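File shown here: run.tsv, holding TSV, C-alpha atoms.
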```tsv
chain	number	residue	atom	x	y	z
A	1	MET	CA	9.24	225.78	248.91
A	2	PRO	CA	9.83	223.75	252.12
A	3	THR	CA	11.89	225.25	254.90
A	4	ILE	CA	14.68	223.24	256.52
A	5	THR	CA	14.38	223.31	260.30
A	6	ALA	CA	16.51	221.91	263.11
A	7	ASP	CA	13.88	219.35	264.15
A	8	MET	CA	13.78	217.63	260.72
A	9	ASP	CA	15.60	214.32	260.33
A	10	TYR	CA	18.56	214.00	257.96
A	11	SER	CA	16.62	212.41	255.06
A	12	HIS	CA	14.01	215.16	255.12
A	13	LYS	CA	16.74	217.81	255.13
A	14	CYS	CA	18.41	216.14	252.14
A	15	ALA	CA	15.10	215.90	250.28
A	16	CYS	CA	14.37	219.59	250.90
A	17	ALA	CA	17.86	220.58	249.78
A	18	ALA	CA	17.56	218.44	246.62
A	19	PHE	CA	14.17	219.97	245.86
A	20	ALA	CA	15.55	223.49	246.26
A	21	LEU	CA	18.60	222.69	244.11
A	22	ALA	CA	16.42	221.21	241.38
A	23	GLY	CA	14.38	224.40	241.35
A	24	LEU	CA	17.51	226.51	240.96
A	25	ILE	CA	18.90	224.32	238.18
A	26	GLY	CA	15.57	224.43	236.37
A	27	THR	CA	15.54	228.20	236.58
A	28	VAL	CA	19.07	228.45	235.18
A	29	PHE	CA	18.24	226.21	232.21
A	30	ALA	CA	14.87	227.89	231.64
A	31	ASP	CA	16.64	231.23	231.18
A	32	GLU	CA	19.09	229.80	228.64
A	33	PRO	CA	18.44	231.45	225.25
A	34	ALA	CA	17.28	229.28	222.39
A	35	PRO	CA	19.71	228.76	219.53
A	36	SER	CA	19.00	230.79	216.42
A	37	GLY	CA	16.70	229.30	213.82
A	38	ARG	CA	19.60	229.14	211.39
A	39	GLU	CA	21.61	227.09	213.91
A	40	VAL	CA	18.68	224.70	214.39
A	41	TYR	CA	18.30	224.44	210.60
A	42	GLU	CA	21.99	223.66	210.16
A	43	ARG	CA	21.83	220.96	212.83
A	44	HIS	CA	18.51	219.31	211.97
A	45	CYS	CA	17.60	220.13	208.35
A	46	ARG	CA	20.55	220.97	206.12
A	47	THR	CA	21.75	217.39	205.59
A	48	CYS	CA	18.59	216.46	203.66
A	49	HIS	CA	17.14	219.81	202.63
A	50	GLY	CA	20.42	221.48	201.66
A	51	GLY	CA	21.08	225.17	201.88
A	52	THR	CA	18.49	227.84	201.44
A	53	ALA	CA	18.81	228.09	197.65
A	54	PRO	CA	16.38	225.80	195.76
A	55	ALA	CA	19.20	224.42	193.56
A	56	ASP	CA	21.14	223.39	196.68
A	57	SER	CA	18.61	220.74	197.76
A	58	PRO	CA	20.19	217.27	197.65
A	59	VAL	CA	17.42	214.92	198.89
A	60	GLY	CA	14.48	216.61	200.57
A	61	PRO	CA	12.67	219.55	199.03
A	62	SER	CA	13.99	223.06	199.45
A	63	LEU	CA	12.38	224.75	202.43
A	64	THR	CA	12.60	228.20	200.85
A	65	GLY	CA	9.03	229.42	200.47
A	66	ILE	CA	7.59	226.53	202.51
A	67	PHE	CA	5.07	228.81	204.25
A	68	GLY	CA	1.89	228.83	202.16
A	69	ALA	CA	2.96	225.85	200.03
A	70	ARG	CA	1.11	222.54	199.77
A	71	ALA	CA	2.98	219.53	201.17
A	72	GLY	CA	4.66	217.61	198.38
A	73	SER	CA	4.32	220.40	195.82
A	74	GLN	CA	7.85	221.80	195.85
A	75	ALA	CA	9.68	221.26	192.57
A	76	SER	CA	12.87	220.06	194.26
A	77	GLY	CA	13.65	216.99	196.33
A	78	VAL	CA	11.95	213.67	196.97
A	79	HIS	CA	8.36	213.57	198.24
A	80	SER	CA	6.68	210.50	199.74
A	81	ARG	CA	3.24	209.54	198.42
A	82	VAL	CA	1.73	210.06	201.89
A	83	MET	CA	3.10	213.61	201.98
A	84	ILE	CA	1.76	214.42	198.52
A	85	ASP	CA	-1.64	212.97	199.46
A	86	SER	CA	-1.73	214.63	202.90
A	87	GLY	CA	-3.38	217.82	201.66
A	88	ILE	CA	-1.43	219.86	204.22
A	89	LEU	CA	-1.00	223.55	203.55
A	90	TRP	CA	2.14	224.58	205.40
A	91	ASP	CA	1.60	227.33	207.94
A	92	ARG	CA	3.15	227.89	211.34
A	93	GLU	CA	0.80	225.49	213.16
A	94	SER	CA	0.96	222.65	210.62
A	95	LEU	CA	4.77	222.91	210.48
A	96	ARG	CA	4.95	223.01	214.30
A	97	ARG	CA	2.94	219.78	214.57
A	98	PHE	CA	4.85	218.06	211.77
A	99	LEU	CA	8.35	219.05	212.87
A	100	ALA	CA	7.62	218.07	216.48
A	101	GLU	CA	6.32	214.59	215.54
A	102	PRO	CA	6.59	213.84	211.80
A	103	GLN	CA	5.53	210.19	212.07
A	104	LEU	CA	2.45	211.03	214.16
A	105	GLU	CA	1.38	213.93	211.95
A	106	VAL	CA	1.91	212.14	208.62
A	107	PRO	CA	2.23	208.38	209.23
A	108	GLY	CA	4.54	206.82	206.66
A	109	THR	CA	6.46	210.00	205.88
A	110	VAL	CA	10.12	209.53	205.00
A	111	MET	CA	11.06	212.49	207.22
A	112	PRO	CA	13.24	210.92	209.95
A	113	VAL	CA	14.07	214.03	212.02
A	114	ARG	CA	12.02	215.72	214.70
A	115	VAL	CA	12.65	218.90	216.64
A	116	ALA	CA	11.60	218.03	220.19
A	117	ASP	CA	12.75	221.15	222.04
A	118	PRO	CA	9.96	223.77	221.93
A	119	LYS	CA	12.38	226.72	221.98
A	120	GLU	CA	14.39	225.28	219.11
A	121	LEU	CA	11.21	224.54	217.20
A	122	GLU	CA	9.97	228.14	217.54
A	123	SER	CA	13.38	229.47	216.44
A	124	LEU	CA	13.34	227.12	213.44
A	125	LEU	CA	9.82	228.22	212.49
A	126	ASP	CA	10.91	231.88	212.64
A	127	PHE	CA	13.84	231.06	210.35
A	128	LEU	CA	11.73	229.05	207.89
A	129	GLU	CA	9.17	231.84	207.75
A	130	SER	CA	11.94	234.28	206.79
A	131	LEU	CA	12.91	232.16	203.75
A	132	ARG	CA	10.89	233.68	200.95
```
Give the structure from the file, written as structure tokens.
Amino acid sequence: MPTITADMDYSHKCACAAFALAGLIGTVFADEPAPSGREVYERHCRTCHGGTAPADSPVGPSLTGIFGARAGSQASGVHSRVMIDSGILWDRESLRRFLAEPQLEVPGTVMPVRVADPKELESLLDFLESLR
């Protein structure tokens, strides 16, 4: 990290101070704990996928038991043709890719929501894996 000295001009001192402050702010936010997987689910998933009981799934398929299931094979919810034809077997890595960028992973999917924050995504994956 640069050191501010007396012989530096004002703009260099400001730049060094801003750089140092940005580092401190980044450290504070980096140490912030991720929300629980249930919280992420409630915020990103529940509207379409309902609660965690299969009968409580209003639009999208229930995500209970998603790990180890084939995409588009769940008995509940609506499945797009591209999802059914994708051949994806849901595991941690395939779900991570899909939830981070659904439209890139399965072009044409009707899934409109992505989980961009890596910490939230990992928490969500932990939660989904616990739904058996």
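Closest approach to A:His44 among A:Leu99, A:Val106, A:Met83, A:Ala75 is made by A:Leu99 (distances from all atoms listed in the file).
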Mind pulling up the distance from atom CA of A:Leu124 to atom CA of A:Pro33?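 Straight-line distance from atom CA of A:Pro33 to atom CA of A:Leu124 works out to 13.6 Å.
The space between atom CA of A:Phe127 and atom CA of A:Arg38 spans 6.2 Å.
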Given the point (4.6, 222.0, 195.8) in the file's coordinates, find the residues that have an atom at most 12 Å from it, counting only C-alpha atoms, and give them as a PDB file with C-alpha atoms, in the coordinates of the input.
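Saved the output as part.pdb:
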```pdb
ATOM      1  CA  PRO A  61      12.670 219.550 199.030  1.00  0.00           C
ATOM      2  CA  SER A  62      13.990 223.060 199.450  1.00  0.00           C
ATOM      3  CA  LEU A  63      12.380 224.750 202.430  1.00  0.00           C
ATOM      4  CA  THR A  64      12.600 228.200 200.850  1.00  0.00           C
ATOM      5  CA  GLY A  65       9.030 229.420 200.470  1.00  0.00           C
ATOM      6  CA  ILE A  66       7.590 226.530 202.510  1.00  0.00           C
ATOM      7  CA  PHE A  67       5.070 228.810 204.250  1.00  0.00           C
ATOM      8  CA  GLY A  68       1.890 228.830 202.160  1.00  0.00           C
ATOM      9  CA  ALA A  69       2.960 225.850 200.030  1.00  0.00           C
ATOM     10  CA  ARG A  70       1.110 222.540 199.770  1.00  0.00           C
ATOM     11  CA  ALA A  71       2.980 219.530 201.170  1.00  0.00           C
ATOM     12  CA  GLY A  72       4.660 217.610 198.380  1.00  0.00           C
ATOM     13  CA  SER A  73       4.320 220.400 195.820  1.00  0.00           C
ATOM     14  CA  GLN A  74       7.850 221.800 195.850  1.00  0.00           C
ATOM     15  CA  ALA A  75       9.680 221.260 192.570  1.00  0.00           C
ATOM     16  CA  SER A  76      12.870 220.060 194.260  1.00  0.00           C
ATOM     17  CA  GLY A  77      13.650 216.990 196.330  1.00  0.00           C
ATOM     18  CA  VAL A  78      11.950 213.670 196.970  1.00  0.00           C
ATOM     19  CA  HIS A  79       8.360 213.570 198.240  1.00  0.00           C
ATOM     20  CA  MET A  83       3.100 213.610 201.980  1.00  0.00           C
ATOM     21  CA  ILE A  84       1.760 214.420 198.520  1.00  0.00           C
ATOM     22  CA  ASP A  85      -1.640 212.970 199.460  1.00  0.00           C
ATOM     23  CA  GLY A  87      -3.380 217.820 201.660  1.00  0.00           C
ATOM     24  CA  ILE A  88      -1.430 219.860 204.220  1.00  0.00           C
ATOM     25  CA  LEU A  89      -1.000 223.550 203.550  1.00  0.00           C
ATOM     26  CA  TRP A  90       2.140 224.580 205.400  1.00  0.00           C
TER      27      TRP A  90
END
```
Using all atoms listed in the file for the distances, tell me which of A:Leu121, A:Val59, A:Ala34, A:Ala100 is nearest to A:Thr47.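 The closest residue to A:Thr47 is A:Val59.
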From (17.6, 211.8, 209.4), in the file's coordinates, out to 12 Å: which residues are reached, counting all atoms listed in the file? Answer as a tab-separated table (two decimals) with C-alpha atoms, in the coordinates of the input.
```
chain	number	residue	atom	x	y	z
A	43	ARG	CA	21.83	220.96	212.83
A	44	HIS	CA	18.51	219.31	211.97
A	45	CYS	CA	17.60	220.13	208.35
A	46	ARG	CA	20.55	220.97	206.12
A	47	THR	CA	21.75	217.39	205.59
A	48	CYS	CA	18.59	216.46	203.66
A	49	HIS	CA	17.14	219.81	202.63
A	59	VAL	CA	17.42	214.92	198.89
A	60	GLY	CA	14.48	216.61	200.57
A	102	PRO	CA	6.59	213.84	211.80
A	109	THR	CA	6.46	210.00	205.88
A	110	VAL	CA	10.12	209.53	205.00
A	111	MET	CA	11.06	212.49	207.22
A	112	PRO	CA	13.24	210.92	209.95
A	113	VAL	CA	14.07	214.03	212.02
A	114	ARG	CA	12.02	215.72	214.70
A	115	VAL	CA	12.65	218.90	216.64
```
By how many Å are atom CA of A:Asp117 and atom CA of A:Gly51 apart?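 Here the two named atoms are 22.2 Å from each other.
With all atoms listed in the file as the atoms that count, the residue of A:Pro107, A:Arg96, A:Ser80, A:Pro35 with the shortest distance to A:Leu125 is A:Arg96.
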Report the centre and edge lengths, in Å to one decimal, of an axis-aligned box enclosing every atom of stretch 87-105 of chain A listed in the file, padded by 8 Å on each side, as JSON.
```
{"center_x": 2.5, "center_y": 219.0, "center_z": 209.1, "size_x": 27.7, "size_y": 33.7, "size_z": 30.8}
```
